[in-house]
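In what follows, a structure is listed as structure tokens, so that the remarks can point back to it.
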Amino acid sequence: MALSLCGAKIDDSGKEIMERGNIQFPIGCYHDDLTSDPVPWHWHEELEAAVVTEGEAVIAVGSRRYLARTGDGFFINTGILHACWSAGPSLCRLHSMVFHPRVVGGSFDSVYWQKYLQPLMENVSLESFLLRQTDAELWQKKAVSFIETAWESCAGEKPGYEFAVRAALSNFIFALCLHTGTGPERPSARLEREAERMKQMLQFIHTHCAEAVSLEQIAAAASVSESEGIRCFRNTIGKTPIQYLKSYRLQKAAGLLKMTDEKIIDIGVQCGFQDMSYFARSFREVYGCTPSEYRACIDSL
């Protein structure tokens with residue numbers, strides 16, 4: 001179980017497809033640098049727990065936004081669309097863990113799964129939870145310490161670390177169950193409908209980002225009008241569909257510049273930029289340098 005940089009990989013529906021450890025111990029332990037690598041909008045079937053170790057991060061969950069400061073933690077439930085980025089230009093880093101519920105719950109017929117994990121995952125009012133380290137209830141501070149203990153144990157890989165990780169995450173899950181309630185409370189039909197439409201439109205954008213994409217096409221992917229598509233995006237992501245398309249293309253390009261040796265012109269075309277001067281100008285607006293300067297900086301690290 002090696003410590004990894006996050007570098008989220010997502011499929012056409014926005015679902016994250018990164019491997020988590022192995023089948024015996026399905027957990028990922030990551031060190032995220034949000035200053036250079038914001039986490040894109042995505043979702044995964046696993047649970048996620050993280051601690052902000054430096055700076056301030058914006059945790060976006062659907063239409064909600066949380067400002068998490070150094071020492072704060074947060075929880076993301078299964079299947080929830082979310083993203084994360086630095087709140088400013090200063091360094092912003094996370095210790096995050098993404099783990100299959102059976103790391104804590106064991107088999108589906110165990111008391112741990114049926115009494116704690118399943119009600120937690122089915123609690124539709126608990127999509128996420130921000131844990132304050134300062135001026136917070138004592139249980140929240142303890143919950144943050146459980147996340148950090150699990151992360152340090154996982155990253156250190158000392159003999160028997162799996163027991164330490166499972167124990168810390170078990171304490172964390174129990175604290176959530178105890179203090180957030182387990183009674184399901186369904187969101188409004190409007191919010192459920194909007195979340196499903198967003199997944200359909202995101203899937204279309206992620207699948208066709210290399211092509212010429214129009215607002216009409218994006219909206220049609222969810223069988224809604226252009227104005228309704230814009231409203232869904234503004235409510236959930238805070239951008240129009242076309243603004244999100246451009247930012248997704250640039251983020252994908254940054255990932256390819258970092259992870260591959262492909263020519264910059266080929267990367268631009270792959271990410272939907274036919275005009276290389278526009279690609280360079282747009283890239284500079286977001287990353288403060290040209291694609292070639294960005295790659296040179298990465299190579300020098």
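By convention here, the chains of the structure tokens are called A, B, ... in the order presented, each chain's residues are numbered starting at 1, and ligands are numbered starting at 1 in the order presented.
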*Which residues come within 7 Å of region 249-252 of chain A, counting only C-alpha atoms, excluding same-chain residues fewer than 2 positions away, as a list in words?*
Cys209, Leu245, Lys246, Ser247, Ala254, Gly255, Leu256, Cys271, Gly272 and Phe283 of chain A
Restricting the output to N, CA and C atoms, write the selected residues as an mmCIF file, in the first residue's frame.
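After the write, out38.cif holds the following:
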data_model
loop_
_atom_site.group_PDB
_atom_site.id
_atom_site.type_symbol
_atom_site.label_atom_id
_atom_site.label_comp_id
_atom_site.auth_asym_id
_atom_site.auth_seq_id
_atom_site.Cartn_x
_atom_site.Cartn_y
_atom_site.Cartn_z
ATOM 1 N N CYS A 209 -15.061 15.736 -25.349
ATOM 2 C CA CYS A 209 -14.303 16.974 -25.137
ATOM 3 C C CYS A 209 -13.316 17.267 -26.272
ATOM 4 N N LEU A 245 -16.621 23.054 -19.801
ATOM 5 C CA LEU A 245 -15.969 22.322 -20.895
ATOM 6 C C LEU A 245 -14.552 22.833 -21.106
ATOM 7 N N LYS A 246 -14.381 24.142 -21.126
ATOM 8 C CA LYS A 246 -13.056 24.715 -21.332
ATOM 9 C C LYS A 246 -12.120 24.364 -20.177
ATOM 10 N N SER A 247 -12.588 24.486 -18.940
ATOM 11 C CA SER A 247 -11.732 24.183 -17.789
ATOM 12 C C SER A 247 -11.387 22.705 -17.740
ATOM 13 N N ALA A 254 -3.277 19.546 -18.895
ATOM 14 C CA ALA A 254 -2.228 19.619 -17.872
ATOM 15 C C ALA A 254 -1.826 18.218 -17.424
ATOM 16 N N GLY A 255 -2.788 17.337 -17.279
ATOM 17 C CA GLY A 255 -2.478 15.970 -16.892
ATOM 18 C C GLY A 255 -1.657 15.238 -17.937
ATOM 19 N N LEU A 256 -1.995 15.419 -19.203
ATOM 20 C CA LEU A 256 -1.240 14.776 -20.281
ATOM 21 C C LEU A 256 0.166 15.353 -20.390
ATOM 22 N N CYS A 271 -7.474 17.422 -26.600
ATOM 23 C CA CYS A 271 -8.289 18.093 -25.589
ATOM 24 C C CYS A 271 -9.233 19.127 -26.198
ATOM 25 N N GLY A 272 -9.375 19.106 -27.526
ATOM 26 C CA GLY A 272 -10.376 19.946 -28.165
ATOM 27 C C GLY A 272 -9.902 21.306 -28.602
ATOM 28 N N PHE A 283 -4.328 28.321 -21.598
ATOM 29 C CA PHE A 283 -3.551 27.598 -20.590
ATOM 30 C C PHE A 283 -2.853 28.585 -19.656
#
Each region 168-234 of chain A residue no farther than 12 Å from region 98-107 of chain A, nearest pair in Å, only C-alpha atoms, as CSV:
residue,atom,partner,partner_atom,distance
A:Ala168,CA,A:Val104,CA,9.4
A:Leu169,CA,A:Val104,CA,6.7
A:Ser170,CA,A:Val104,CA,5.6
A:Asn171,CA,A:Val104,CA,9.4
A:Phe172,CA,A:Val104,CA,9.9
A:Ile173,CA,A:Val104,CA,8.2
A:Phe174,CA,A:Val104,CA,10.1
Keeping only N, CA, C and O atoms, take the residues you just selected and write them out as a PDB file, in the first residue's frame.
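Generated file (part-v6.pdb):
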ATOM      1  N   ALA A 168      -8.503   2.720  13.113  1.00  0.00           N
ATOM      2  CA  ALA A 168      -8.717   4.172  13.066  1.00  0.00           C
ATOM      3  C   ALA A 168      -9.931   4.524  12.218  1.00  0.00           C
ATOM      4  O   ALA A 168     -10.752   5.371  12.603  1.00  0.00           O
ATOM      5  N   LEU A 169     -10.083   3.883  11.054  1.00  0.00           N
ATOM      6  CA  LEU A 169     -11.236   4.158  10.207  1.00  0.00           C
ATOM      7  C   LEU A 169     -12.529   3.661  10.842  1.00  0.00           C
ATOM      8  O   LEU A 169     -13.599   4.273  10.671  1.00  0.00           O
ATOM      9  N   SER A 170     -12.466   2.565  11.592  1.00  0.00           N
ATOM     10  CA  SER A 170     -13.644   2.081  12.308  1.00  0.00           C
ATOM     11  C   SER A 170     -14.103   3.100  13.343  1.00  0.00           C
ATOM     12  O   SER A 170     -15.297   3.390  13.474  1.00  0.00           O
ATOM     13  N   ASN A 171     -13.143   3.662  14.080  1.00  0.00           N
ATOM     14  CA  ASN A 171     -13.479   4.702  15.051  1.00  0.00           C
ATOM     15  C   ASN A 171     -14.065   5.932  14.363  1.00  0.00           C
ATOM     16  O   ASN A 171     -14.992   6.570  14.875  1.00  0.00           O
ATOM     17  N   PHE A 172     -13.525   6.261  13.188  1.00  0.00           N
ATOM     18  CA  PHE A 172     -14.022   7.400  12.434  1.00  0.00           C
ATOM     19  C   PHE A 172     -15.463   7.171  11.977  1.00  0.00           C
ATOM     20  O   PHE A 172     -16.339   8.035  12.158  1.00  0.00           O
ATOM     21  N   ILE A 173     -15.729   5.999  11.395  1.00  0.00           N
ATOM     22  CA  ILE A 173     -17.081   5.685  10.918  1.00  0.00           C
ATOM     23  C   ILE A 173     -18.069   5.650  12.088  1.00  0.00           C
ATOM     24  O   ILE A 173     -19.194   6.164  11.985  1.00  0.00           O
ATOM     25  N   PHE A 174     -17.672   5.077  13.205  1.00  0.00           N
ATOM     26  CA  PHE A 174     -18.569   5.019  14.357  1.00  0.00           C
ATOM     27  C   PHE A 174     -18.901   6.422  14.860  1.00  0.00           C
ATOM     28  O   PHE A 174     -20.040   6.715  15.226  1.00  0.00           O
TER      29      PHE A 174
END
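Relative to CA of Tyr278 (chain A), CA of Ser292 (chain A) is found at 14.0 Å.
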*asked:* Could you list, as a VMD selection string, every residue within 7 Å of Trp151 (chain A), counting only C-alpha atoms and ignoring same-chain residues fewer than 2 positions away?
replied: chain A and resid 29 95 97 147 to 149 153 to 155
*Using only C-alpha atoms: which of A:Val144, A:Phe273, A:Gly268, A:Ile59 has the shortest distance to Ala212 (chain A)*: A:Phe273
_Close residues, Glu152 (chain A) itself excluded, 12 Å, only C-alpha atoms, min 4 positions apart in chain, as an MDAnalysis selection string_ = chainID A and resid 1:3 29:31 50:51 95:97 145:148 156:158 161:162 164:165 168:169
Writing out the chosen residues with N, CA and C atoms as a PDB file, in the first residue's frame:
ATOM      1  N   MET A   1       0.858  -1.192   0.000  1.00  0.00           N
ATOM      2  CA  MET A   1       0.000   0.000   0.000  1.00  0.00           C
ATOM      3  C   MET A   1       0.883   1.226   0.000  1.00  0.00           C
ATOM      4  N   ALA A   2       1.330   1.644  -1.172  1.00  0.00           N
ATOM      5  CA  ALA A   2       2.234   2.776  -1.272  1.00  0.00           C
ATOM      6  C   ALA A   2       1.465   4.090  -1.276  1.00  0.00           C
ATOM      7  N   LEU A   3       2.077   5.116  -0.713  1.00  0.00           N
ATOM      8  CA  LEU A   3       1.532   6.459  -0.761  1.00  0.00           C
ATOM      9  C   LEU A   3       1.595   6.958  -2.189  1.00  0.00           C
ATOM     10  N   CYS A  29      -4.275   5.689  -0.426  1.00  0.00           N
ATOM     11  CA  CYS A  29      -3.722   6.673   0.509  1.00  0.00           C
ATOM     12  C   CYS A  29      -2.982   7.712  -0.333  1.00  0.00           C
ATOM     13  N   TYR A  30      -3.450   8.969  -0.314  1.00  0.00           N
ATOM     14  CA  TYR A  30      -2.948   9.964  -1.256  1.00  0.00           C
ATOM     15  C   TYR A  30      -2.451  11.235  -0.563  1.00  0.00           C
ATOM     16  N   HIS A  31      -1.485  11.854  -1.216  1.00  0.00           N
ATOM     17  CA  HIS A  31      -1.030  13.181  -0.821  1.00  0.00           C
ATOM     18  C   HIS A  31      -1.395  14.111  -1.967  1.00  0.00           C
ATOM     19  N   ALA A  50     -10.596  12.832   4.474  1.00  0.00           N
ATOM     20  CA  ALA A  50      -9.386  13.618   4.195  1.00  0.00           C
ATOM     21  C   ALA A  50      -9.182  14.686   5.253  1.00  0.00           C
ATOM     22  N   VAL A  51      -7.940  15.155   5.329  1.00  0.00           N
ATOM     23  CA  VAL A  51      -7.562  16.232   6.250  1.00  0.00           C
ATOM     24  C   VAL A  51      -6.756  17.263   5.464  1.00  0.00           C
ATOM     25  N   HIS A  95      -4.212  15.242   3.022  1.00  0.00           N
ATOM     26  CA  HIS A  95      -4.001  13.812   3.216  1.00  0.00           C
ATOM     27  C   HIS A  95      -5.371  13.172   3.021  1.00  0.00           C
ATOM     28  N   SER A  96      -5.508  12.351   2.003  1.00  0.00           N
ATOM     29  CA  SER A  96      -6.815  11.762   1.718  1.00  0.00           C
ATOM     30  C   SER A  96      -6.741  10.248   1.641  1.00  0.00           C
ATOM     31  N   MET A  97      -7.853   9.623   2.010  1.00  0.00           N
ATOM     32  CA  MET A  97      -7.987   8.177   1.940  1.00  0.00           C
ATOM     33  C   MET A  97      -9.314   7.855   1.279  1.00  0.00           C
ATOM     34  N   SER A 145      -8.563  13.368  14.016  1.00  0.00           N
ATOM     35  CA  SER A 145      -7.367  12.636  14.451  1.00  0.00           C
ATOM     36  C   SER A 145      -7.421  11.174  14.001  1.00  0.00           C
ATOM     37  N   PHE A 146      -8.614  10.576  13.918  1.00  0.00           N
ATOM     38  CA  PHE A 146      -8.739   9.209  13.426  1.00  0.00           C
ATOM     39  C   PHE A 146      -8.333   9.128  11.946  1.00  0.00           C
ATOM     40  N   ILE A 147      -8.744  10.130  11.155  1.00  0.00           N
ATOM     41  CA  ILE A 147      -8.365  10.146   9.736  1.00  0.00           C
ATOM     42  C   ILE A 147      -6.847  10.229   9.602  1.00  0.00           C
ATOM     43  N   GLU A 148      -6.242  11.144  10.360  1.00  0.00           N
ATOM     44  CA  GLU A 148      -4.793  11.339  10.244  1.00  0.00           C
ATOM     45  C   GLU A 148      -4.034  10.107  10.733  1.00  0.00           C
ATOM     46  N   GLY A 156       2.961   4.772   6.278  1.00  0.00           N
ATOM     47  CA  GLY A 156       4.167   4.224   6.892  1.00  0.00           C
ATOM     48  C   GLY A 156       4.401   2.760   6.618  1.00  0.00           C
ATOM     49  N   GLU A 157       3.325   1.992   6.448  1.00  0.00           N
ATOM     50  CA  GLU A 157       3.399   0.564   6.125  1.00  0.00           C
ATOM     51  C   GLU A 157       4.261  -0.238   7.104  1.00  0.00           C
ATOM     52  N   LYS A 158       4.177   0.097   8.372  1.00  0.00           N
ATOM     53  CA  LYS A 158       4.892  -0.705   9.358  1.00  0.00           C
ATOM     54  C   LYS A 158       4.197  -2.055   9.513  1.00  0.00           C
ATOM     55  N   TYR A 161       0.305  -2.698   9.813  1.00  0.00           N
ATOM     56  CA  TYR A 161      -0.345  -1.397   9.625  1.00  0.00           C
ATOM     57  C   TYR A 161      -1.810  -1.545   9.225  1.00  0.00           C
ATOM     58  N   GLU A 162      -2.161  -2.661   8.581  1.00  0.00           N
ATOM     59  CA  GLU A 162      -3.549  -2.850   8.176  1.00  0.00           C
ATOM     60  C   GLU A 162      -4.497  -2.829   9.380  1.00  0.00           C
ATOM     61  N   ALA A 164      -3.964  -1.195  12.204  1.00  0.00           N
ATOM     62  CA  ALA A 164      -4.033   0.190  12.688  1.00  0.00           C
ATOM     63  C   ALA A 164      -4.946   1.031  11.806  1.00  0.00           C
ATOM     64  N   VAL A 165      -4.856   0.839  10.486  1.00  0.00           N
ATOM     65  CA  VAL A 165      -5.702   1.587   9.556  1.00  0.00           C
ATOM     66  C   VAL A 165      -7.169   1.242   9.784  1.00  0.00           C
ATOM     67  N   ALA A 168      -8.503   2.720  13.113  1.00  0.00           N
ATOM     68  CA  ALA A 168      -8.717   4.172  13.066  1.00  0.00           C
ATOM     69  C   ALA A 168      -9.931   4.524  12.218  1.00  0.00           C
ATOM     70  N   LEU A 169     -10.083   3.883  11.054  1.00  0.00           N
ATOM     71  CA  LEU A 169     -11.236   4.158  10.207  1.00  0.00           C
ATOM     72  C   LEU A 169     -12.529   3.661  10.842  1.00  0.00           C
TER      73      LEU A 169
END
*Any idea what's packed within 8 Å of region 74-85 of chain A, counting only C-alpha atoms, ignoring anything in its chain fewer than 2 positions away? Could you give it as number ranges by chain?*
A: 34-35, 37-51, 57-62, 72, 87, 121, 126-131
*Nearest candidate to Phe163 (chain A) (options A:Ile27, A:Ala150, A:Ile298, A:Ala219; using only C-alpha atoms)*: A:Ala150
_I'd like the neighbourhood of Arg234 (chain A) as a ChimeraX atom specification, where a residue qualifies if any of its atoms comes within 10 Å (using only C-alpha atoms), though same-chain residues fewer than 6 positions away should be ignored._
/A:63,228,240-241,244
*When DSSP works through the backbone of this structure, what residues of region 42-257 of chain A end up as helix (DSSP H, G or I), shown as a PyMOL selection string?*
chain A and resi 102-105+111-122+138-156+161-180+189-208+215-220+226-236+241-257
*In Å to one decimal, how far is CA of Ala220 (chain A) from CA of Thr236 (chain A)?*
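If I compute the distance from CA of Thr236 (chain A) to CA of Ala220 (chain A), I get 17.9 Å.
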*Suppose you want the space between CA of Ile23 (chain A) and CA of Ala175 (chain A); what is it in Å?*
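Going from CA of Ile23 (chain A) over to CA of Ala175 (chain A) covers 26.2 Å.
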*Can you pull out every residue within 12 Å of Leu178 (chain A), counting only C-alpha atoms, but drop anything in the same chain fewer than 2 positions away, and send it as a ChimeraX atom specification?*
/A:115-117,119-120,139-140,143,171-176,180-183
Could you please take those selected residues and save all heavy atoms as a tab-separated table (two decimals), in the first residue's frame?
chain	number	residue	atom	x	y	z
A	115	LYS	N	-25.21	-2.92	10.69
A	115	LYS	CA	-25.60	-2.01	11.76
A	115	LYS	C	-25.05	-0.60	11.55
A	115	LYS	O	-25.67	0.39	11.97
A	115	LYS	CB	-25.13	-2.55	13.11
A	115	LYS	CG	-25.68	-1.78	14.31
A	115	LYS	CD	-25.30	-2.47	15.61
A	115	LYS	CE	-25.85	-1.71	16.82
A	115	LYS	NZ	-25.52	-2.40	18.09
A	116	TYR	N	-23.88	-0.48	10.91
A	116	TYR	CA	-23.23	0.81	10.81
A	116	TYR	C	-23.00	1.29	9.37
A	116	TYR	O	-23.42	2.38	8.98
A	116	TYR	CB	-21.88	0.78	11.56
A	116	TYR	CG	-22.04	0.41	13.01
A	116	TYR	CD1	-21.72	-0.87	13.46
A	116	TYR	CD2	-22.54	1.32	13.94
A	116	TYR	CE1	-21.88	-1.23	14.79
A	116	TYR	CE2	-22.71	0.98	15.27
A	116	TYR	CZ	-22.38	-0.31	15.70
A	116	TYR	OH	-22.56	-0.65	17.01
A	117	LEU	N	-22.29	0.46	8.55
A	117	LEU	CA	-21.92	0.91	7.20
A	117	LEU	C	-23.13	1.11	6.31
A	117	LEU	O	-23.26	2.16	5.65
A	117	LEU	CB	-20.97	-0.09	6.56
A	117	LEU	CG	-19.47	0.19	6.68
A	117	LEU	CD1	-19.12	1.52	6.03
A	117	LEU	CD2	-19.03	0.19	8.12
A	119	PRO	N	-26.43	1.63	6.95
A	119	PRO	CA	-27.25	2.83	7.24
A	119	PRO	C	-26.53	4.13	6.92
A	119	PRO	O	-27.16	5.09	6.46
A	119	PRO	CB	-27.50	2.70	8.75
A	119	PRO	CG	-27.38	1.25	9.04
A	119	PRO	CD	-26.30	0.76	8.12
A	120	LEU	N	-25.21	4.16	7.12
A	120	LEU	CA	-24.44	5.37	6.81
A	120	LEU	C	-24.49	5.66	5.32
A	120	LEU	O	-24.74	6.80	4.89
A	120	LEU	CB	-22.99	5.20	7.27
A	120	LEU	CG	-22.06	6.38	6.98
A	120	LEU	CD1	-22.27	7.48	8.01
A	120	LEU	CD2	-20.60	5.94	6.99
A	139	TRP	N	-15.99	15.71	19.47
A	139	TRP	CA	-16.02	14.51	18.63
A	139	TRP	C	-15.47	14.79	17.23
A	139	TRP	O	-14.86	13.90	16.63
A	139	TRP	CB	-17.44	13.95	18.55
A	139	TRP	CG	-18.36	14.64	17.57
A	139	TRP	CD1	-19.22	15.66	17.82
A	139	TRP	CD2	-18.51	14.33	16.17
A	139	TRP	NE1	-19.89	16.03	16.68
A	139	TRP	CE2	-19.49	15.22	15.66
A	139	TRP	CE3	-17.92	13.40	15.32
A	139	TRP	CZ2	-19.87	15.20	14.33
A	139	TRP	CZ3	-18.31	13.39	13.98
A	139	TRP	CH2	-19.27	14.27	13.50
A	140	GLN	N	-15.66	16.02	16.72
A	140	GLN	CA	-15.12	16.34	15.41
A	140	GLN	C	-13.60	16.37	15.42
A	140	GLN	O	-12.95	15.91	14.48
A	140	GLN	CB	-15.68	17.68	14.92
A	140	GLN	CG	-17.18	17.65	14.65
A	140	GLN	CD	-17.68	18.89	13.95
A	140	GLN	OE1	-16.90	19.58	13.28
A	140	GLN	NE2	-18.96	19.19	14.07
A	143	ALA	N	-12.51	12.86	15.42
A	143	ALA	CA	-12.72	12.25	14.10
A	143	ALA	C	-11.59	12.63	13.15
A	143	ALA	O	-11.10	11.79	12.38
A	143	ALA	CB	-14.07	12.68	13.53
A	171	ASN	N	-13.14	3.66	14.08
A	171	ASN	CA	-13.48	4.70	15.05
A	171	ASN	C	-14.07	5.93	14.36
A	171	ASN	O	-14.99	6.57	14.87
A	171	ASN	CB	-12.24	5.10	15.85
A	171	ASN	CG	-11.87	4.07	16.90
A	171	ASN	OD1	-12.73	3.42	17.47
A	171	ASN	ND2	-10.58	3.91	17.14
A	172	PHE	N	-13.52	6.26	13.19
A	172	PHE	CA	-14.02	7.40	12.43
A	172	PHE	C	-15.46	7.17	11.98
A	172	PHE	O	-16.34	8.04	12.16
A	172	PHE	CB	-13.12	7.65	11.22
A	172	PHE	CG	-13.66	8.67	10.26
A	172	PHE	CD1	-13.69	10.01	10.61
A	172	PHE	CD2	-14.13	8.29	9.01
A	172	PHE	CE1	-14.20	10.96	9.73
A	172	PHE	CE2	-14.63	9.23	8.13
A	172	PHE	CZ	-14.67	10.57	8.50
A	173	ILE	N	-15.73	6.00	11.39
A	173	ILE	CA	-17.08	5.68	10.92
A	173	ILE	C	-18.07	5.65	12.09
A	173	ILE	O	-19.19	6.16	11.98
A	173	ILE	CB	-17.09	4.34	10.16
A	173	ILE	CG1	-16.30	4.46	8.84
A	173	ILE	CG2	-18.51	3.86	9.90
A	173	ILE	CD1	-16.89	5.45	7.85
A	174	PHE	N	-17.67	5.08	13.21
A	174	PHE	CA	-18.57	5.02	14.36
A	174	PHE	C	-18.90	6.42	14.86
A	174	PHE	O	-20.04	6.72	15.23
A	174	PHE	CB	-17.94	4.19	15.49
A	174	PHE	CG	-18.81	4.15	16.72
A	174	PHE	CD1	-20.07	3.57	16.69
A	174	PHE	CD2	-18.36	4.70	17.91
A	174	PHE	CE1	-20.87	3.55	17.83
A	174	PHE	CE2	-19.15	4.69	19.05
A	174	PHE	CZ	-20.41	4.11	19.01
A	175	ALA	N	-17.90	7.32	14.86
A	175	ALA	CA	-18.15	8.70	15.29
A	175	ALA	C	-19.17	9.37	14.38
A	175	ALA	O	-20.07	10.08	14.85
A	175	ALA	CB	-16.84	9.48	15.30
A	176	LEU	N	-19.06	9.14	13.07
A	176	LEU	CA	-20.03	9.71	12.14
A	176	LEU	C	-21.42	9.15	12.40
A	176	LEU	O	-22.42	9.89	12.44
A	176	LEU	CB	-19.63	9.41	10.70
A	176	LEU	CG	-18.52	10.25	10.08
A	176	LEU	CD1	-18.24	9.77	8.66
A	176	LEU	CD2	-18.89	11.73	10.04
A	180	THR	N	-24.12	11.95	13.59
A	180	THR	CA	-24.84	12.52	12.45
A	180	THR	C	-26.18	11.85	12.23
A	180	THR	O	-26.96	12.31	11.39
A	180	THR	CB	-24.01	12.41	11.16
A	180	THR	OG1	-23.74	11.02	10.89
A	180	THR	CG2	-22.69	13.15	11.31
A	181	GLY	N	-26.47	10.77	12.95
A	181	GLY	CA	-27.74	10.09	12.78
A	181	GLY	C	-27.71	9.17	11.58
A	181	GLY	O	-26.94	9.35	10.64
A	182	THR	N	-28.56	8.17	11.57
A	182	THR	CA	-28.59	7.21	10.47
A	182	THR	C	-29.95	7.13	9.80
A	182	THR	O	-30.14	6.34	8.88
A	182	THR	CB	-28.22	5.80	10.97
A	182	THR	OG1	-29.10	5.44	12.04
A	182	THR	CG2	-26.80	5.76	11.45
A	183	GLY	N	-30.90	7.93	10.26
A	183	GLY	CA	-32.23	7.89	9.64
A	183	GLY	C	-32.22	8.56	8.28
A	183	GLY	O	-31.85	9.72	8.16
*Could you please write out, as a ChimeraX atom specification, every residue of region 73-217 of chain A that DSSP assigns to strand (DSSP E)?*
/A:73-76,82-86,93-99,128-131
_Calculated over only C-alpha atoms, which of the candidates A:Cys92, A:Ile267, A:Ala68, A:Ala167 has the smallest distance to Ser36 (chain A)?_
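The answer is A:Cys92, which sits nearest to Ser36 (chain A).
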*For Ala253 (chain A), the nearest of the candidates A:Ala210, A:Leu138, A:Cys297, A:Val111, counting only C-alpha atoms*: A:Ala210
_Ranking A:Met201, A:Leu257, A:Asp266, A:Gln24 by minimum distance to Thr290 (chain A) and counting only C-alpha atoms, which one comes first?_
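Of all the options, A:Leu257 lies closest to Thr290 (chain A).
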